[in-house]
Number of protein chains: 2
Amino acid sequence: MDKSWLGTRVVTQIGILVNDIEAVSQAYADFLGVEKPAWSWTDPAEVARTEYNGQPAAGRAKLAFFDCGQLQIELIEPDEQPSTWRDYLNEHGEGPHHIAFVIDGMKEKITLLEKRGMPLAQKGEYTGGRYAYMDATRDLKLWIELLENDK
Amino acid sequence: MDKSWLGTRVVTQIGILVNDIEAVSQAYADFLGVEKPAWSWTDPAEVARTEYNGQPAAGRAKLAFFDCGQLQIELIEPDEQPSTWRDYLNEHGEGPHHIAFVIDGMKEKITLLEKRGMPLAQKGEYTGGRYAYMDATRDLKLWIELLENDK
């Protein structure tokens with residue numbers, strides 16, 4: 001029986017905050033021997049229904065993805081508006097921000113993690129699913145992203 | 001043809017620096033629903049033949065591992081002597097430090113990465129293989145660990 005809190009132990013993504021997604025995407029493309037992928041903006045707030053620290057939030061980010069086996073490397077260049085990305089980048093500088101797990105039952109999983117000391121910081125929608133960033137820095141020393149994809 | 005610099009794109013490990021490996025191991029064990037693994041010391045300098053910034057170095061660390069699908073989460077609690085782990089922990093605090101790739105041809109791979117702006121910071125031996133930490137923070141915004149296992 002899987003006793004993990006999320007019903008999975010498979011890390012699907014590592015998210016890395018960067019200042020210049022064009023330059024860092026080119027560096028990863030060279031290093032990994034692949035074409036530089038196009039980056040794309042996260043959806044605007046009215047589509048993504050973004051909430052940050054419990055309030056509607058306008059912060060967005062440019063995203064680019066690289067497949068590294070089971071794991072995806074996600075580069076994130078936030079805009080200047082408040083978000084978990086922008087605030088962490090300002091405080092800590094560029095570098096790894098989170099690991100992600102694909103889960104079922106977003107609401108229940110958020111509640112369970114919050115009860116266990118990993119509060120929700122930001123959530124939103126994307127085409128085909130939704131995400132939530134849980135602050136696990138106290139116990140796990142990083143952020144956990146939950147991803148739920150529509151069936 | 002694989003055009004990646006390392007001959008692989010598979011990330012096998014994410015390394016996380018911590019101050020208290022007992023407490024953080026327990027937190028990961030709970031979160032992942034597994035038994036808390038025993039931690040172990042890296043080999044002493046005379047066995048590991050550790051070099052840090054080109055000089056023999058006595059720094060060691062406690063390590064603990066968790067399997068998360070293809071990826072292993074490695075917790076690292078360095079001792080107080082200089083090492084890439086101790087210096088990064090002092091400067092940046094707890095959190096992710098590196099991603100690792102299993103490679104063939106350690107010497108050639110180190111030379112290739114150094115030529116491309118990712119200098120060697122630390123290397124050493126472990127039972128059955130050897131490792132090298134390459135400073136890719138300028139271009140990739142994190143450290144790269146190379147792991148070569150004996151056949």
# chains A, B, ... in the order shown; residues from 1 in each chain; ligands from 1
$ interface_residues --of "chain B" --to "chain A" --cutoff "9 Å" --atoms "only C-alpha atoms" --output "PyMOL selection string"
chain B and resi 2-12+14+16-18+23-25+27-34+67-71+92+94-98+137+139-142
$ calpha_fit_and_write --fixed "chain A" --moving "chain B" --output "tab-separated table (two decimals) with C-alpha atoms, in the first residue's frame"
chain	number	residue	atom	x	y	z
B	1	MET	CA	-0.07	0.01	0.05
B	2	ASP	CA	1.24	3.44	-0.83
B	3	LYS	CA	1.44	5.36	2.43
B	4	SER	CA	2.77	8.55	0.86
B	5	TRP	CA	0.81	11.71	1.63
B	6	LEU	CA	0.31	12.45	-2.07
B	7	GLY	CA	-0.41	8.89	-3.27
B	8	THR	CA	2.79	8.98	-5.33
B	9	ARG	CA	6.54	9.24	-4.88
B	10	VAL	CA	7.32	10.07	-8.50
B	11	VAL	CA	8.94	13.49	-8.90
B	12	THR	CA	7.90	14.75	-12.33
B	13	GLN	CA	9.48	18.18	-12.43
B	14	ILE	CA	12.17	20.37	-10.97
B	15	GLY	CA	11.44	24.10	-11.27
B	16	ILE	CA	14.30	26.59	-11.59
B	17	LEU	CA	13.89	30.36	-11.22
B	18	VAL	CA	15.85	32.47	-13.72
B	19	ASN	CA	16.21	36.12	-14.65
B	20	ASP	CA	16.61	35.63	-18.41
B	21	ILE	CA	14.72	32.66	-19.81
B	22	GLU	CA	16.16	33.17	-23.31
B	23	ALA	CA	19.77	32.86	-22.16
B	24	VAL	CA	19.19	30.02	-19.69
B	25	SER	CA	17.05	28.08	-22.19
B	26	GLN	CA	19.88	28.32	-24.71
B	27	ALA	CA	22.37	27.07	-22.11
B	28	TYR	CA	20.18	24.06	-21.23
B	29	ALA	CA	19.51	23.32	-24.90
B	30	ASP	CA	23.26	23.27	-25.59
B	31	PHE	CA	24.03	21.20	-22.50
B	32	LEU	CA	21.27	18.66	-23.22
B	33	GLY	CA	21.81	18.61	-26.99
B	34	VAL	CA	18.28	19.61	-27.96
B	35	GLU	CA	16.63	22.46	-29.83
B	36	LYS	CA	15.91	25.51	-27.71
B	37	PRO	CA	12.21	25.25	-26.85
B	38	ALA	CA	9.88	28.23	-27.22
B	39	TRP	CA	8.87	29.74	-23.87
B	40	SER	CA	5.26	30.65	-23.13
B	41	TRP	CA	3.50	32.90	-20.65
B	42	THR	CA	1.36	31.43	-17.89
B	43	ASP	CA	-2.28	32.36	-18.47
B	44	PRO	CA	-3.41	35.84	-17.42
B	45	ALA	CA	-4.96	36.10	-13.96
B	46	GLU	CA	-8.55	36.14	-15.18
B	47	VAL	CA	-8.01	32.83	-17.01
B	48	ALA	CA	-5.65	31.21	-14.50
B	49	ARG	CA	-7.67	32.52	-11.53
B	50	THR	CA	-4.36	32.85	-9.73
B	51	GLU	CA	-4.39	33.24	-5.96
B	52	TYR	CA	-1.27	34.14	-4.00
B	53	ASN	CA	-1.36	34.15	-0.20
B	54	GLY	CA	-5.14	33.84	-0.34
B	55	GLN	CA	-5.75	36.85	-2.62
B	56	PRO	CA	-6.37	37.13	-6.37
B	57	ALA	CA	-2.98	37.87	-7.93
B	58	ALA	CA	-1.85	39.18	-11.30
B	59	GLY	CA	1.68	37.71	-11.28
B	60	ARG	CA	2.67	35.69	-14.33
B	61	ALA	CA	5.77	33.92	-15.56
B	62	LYS	CA	7.48	32.77	-18.74
B	63	LEU	CA	7.94	28.99	-18.76
B	64	ALA	CA	10.18	26.65	-20.78
B	65	PHE	CA	10.45	22.86	-20.43
B	66	PHE	CA	13.13	20.23	-21.05
B	67	ASP	CA	12.57	16.45	-20.90
B	68	CYS	CA	15.26	14.65	-18.88
B	69	GLY	CA	13.96	11.11	-18.65
B	70	GLN	CA	11.05	10.84	-16.22
B	71	LEU	CA	11.86	14.31	-15.00
B	72	GLN	CA	11.09	17.62	-16.65
B	73	ILE	CA	13.26	20.66	-16.02
B	74	GLU	CA	11.05	23.76	-15.90
B	75	LEU	CA	12.61	27.19	-16.26
B	76	ILE	CA	10.57	30.03	-14.78
B	77	GLU	CA	11.10	33.76	-15.39
B	78	PRO	CA	8.53	35.64	-13.32
B	79	ASP	CA	7.23	39.09	-14.20
B	80	GLU	CA	7.60	41.91	-11.65
B	81	GLN	CA	4.25	41.42	-9.93
B	82	PRO	CA	4.05	39.50	-6.64
B	83	SER	CA	3.99	35.70	-6.93
B	84	THR	CA	5.72	32.81	-5.19
B	85	TRP	CA	8.19	32.89	-8.08
B	86	ARG	CA	8.97	36.64	-7.95
B	87	ASP	CA	9.23	36.79	-4.17
B	88	TYR	CA	11.49	33.73	-3.94
B	89	LEU	CA	13.69	34.98	-6.79
B	90	ASN	CA	14.08	38.39	-5.13
B	91	GLU	CA	14.96	36.79	-1.81
B	92	HIS	CA	17.15	33.85	-2.89
B	93	GLY	CA	18.38	34.65	-6.39
B	94	GLU	CA	18.33	32.25	-9.33
B	95	GLY	CA	18.21	28.51	-8.75
B	96	PRO	CA	15.96	25.54	-7.95
B	97	HIS	CA	12.58	26.43	-6.42
B	98	HIS	CA	10.39	23.31	-6.32
B	99	ILE	CA	9.83	19.67	-7.15
B	100	ALA	CA	6.45	18.62	-8.56
B	101	PHE	CA	4.17	15.61	-8.19
B	102	VAL	CA	1.15	14.74	-10.36
B	103	ILE	CA	-1.72	14.01	-8.00
B	104	ASP	CA	-5.45	13.29	-7.88
B	105	GLY	CA	-7.84	15.22	-5.65
B	106	MET	CA	-6.33	18.69	-5.43
B	107	LYS	CA	-8.60	20.01	-2.67
B	108	GLU	CA	-8.03	17.06	-0.33
B	109	LYS	CA	-4.27	17.06	-0.94
B	110	ILE	CA	-3.99	20.78	-0.22
B	111	THR	CA	-5.96	20.35	3.03
B	112	LEU	CA	-3.85	17.37	4.09
B	113	LEU	CA	-0.53	19.14	3.48
B	114	GLU	CA	-1.74	22.32	5.20
B	115	LYS	CA	-2.69	20.30	8.28
B	116	ARG	CA	0.82	18.88	8.31
B	117	GLY	CA	2.66	22.19	8.24
B	118	MET	CA	3.00	22.82	4.52
B	119	PRO	CA	0.75	25.82	3.78
B	120	LEU	CA	-0.64	26.71	0.39
B	121	ALA	CA	1.09	29.74	-1.10
B	122	GLN	CA	-0.19	29.99	-4.66
B	123	LYS	CA	-2.62	28.17	-6.90
B	124	GLY	CA	-4.04	28.56	-10.35
B	125	GLU	CA	-5.39	26.92	-13.48
B	126	TYR	CA	-3.73	26.00	-16.75
B	127	THR	CA	-5.21	24.49	-19.90
B	128	GLY	CA	-6.10	20.95	-18.88
B	129	GLY	CA	-5.46	21.18	-15.18
B	130	ARG	CA	-4.50	23.11	-12.06
B	131	TYR	CA	-1.50	23.62	-9.81
B	132	ALA	CA	-0.74	24.50	-6.21
B	133	TYR	CA	2.52	25.52	-4.54
B	134	MET	CA	2.86	24.25	-0.98
B	135	ASP	CA	5.50	25.76	1.28
B	136	ALA	CA	7.46	22.74	2.52
B	137	THR	CA	10.60	24.73	3.24
B	138	ARG	CA	10.37	24.19	7.01
B	139	ASP	CA	10.36	20.37	6.81
B	140	LEU	CA	11.53	19.35	3.31
B	141	LYS	CA	13.71	22.41	2.59
B	142	LEU	CA	12.01	23.20	-0.71
B	143	TRP	CA	8.64	23.96	-2.29
B	144	ILE	CA	6.28	21.22	-3.42
B	145	GLU	CA	4.14	21.78	-6.52
B	146	LEU	CA	0.98	19.73	-6.93
B	147	LEU	CA	-0.23	19.20	-10.50
B	148	GLU	CA	-3.66	17.78	-11.27
B	149	ASN	CA	-4.53	17.09	-14.88
B	150	ASP	CA	-8.09	16.67	-16.14
B	151	LYS	CA	-8.90	13.11	-17.23
$ select_by_dssp --residues "chain A" --states "strand (DSSP E)" --output "ChimeraX atom specification"
/A:13-17,40-41,51-52,55-56,61-68,71-78,95-102,120-126,129-136,142-149
$ select_by_dssp --residues "stretch 8-146 of chain B" --states "alpha helix (DSSP H)" --output "number ranges by chain"
B: 21-32, 45-48, 84-92, 106-115
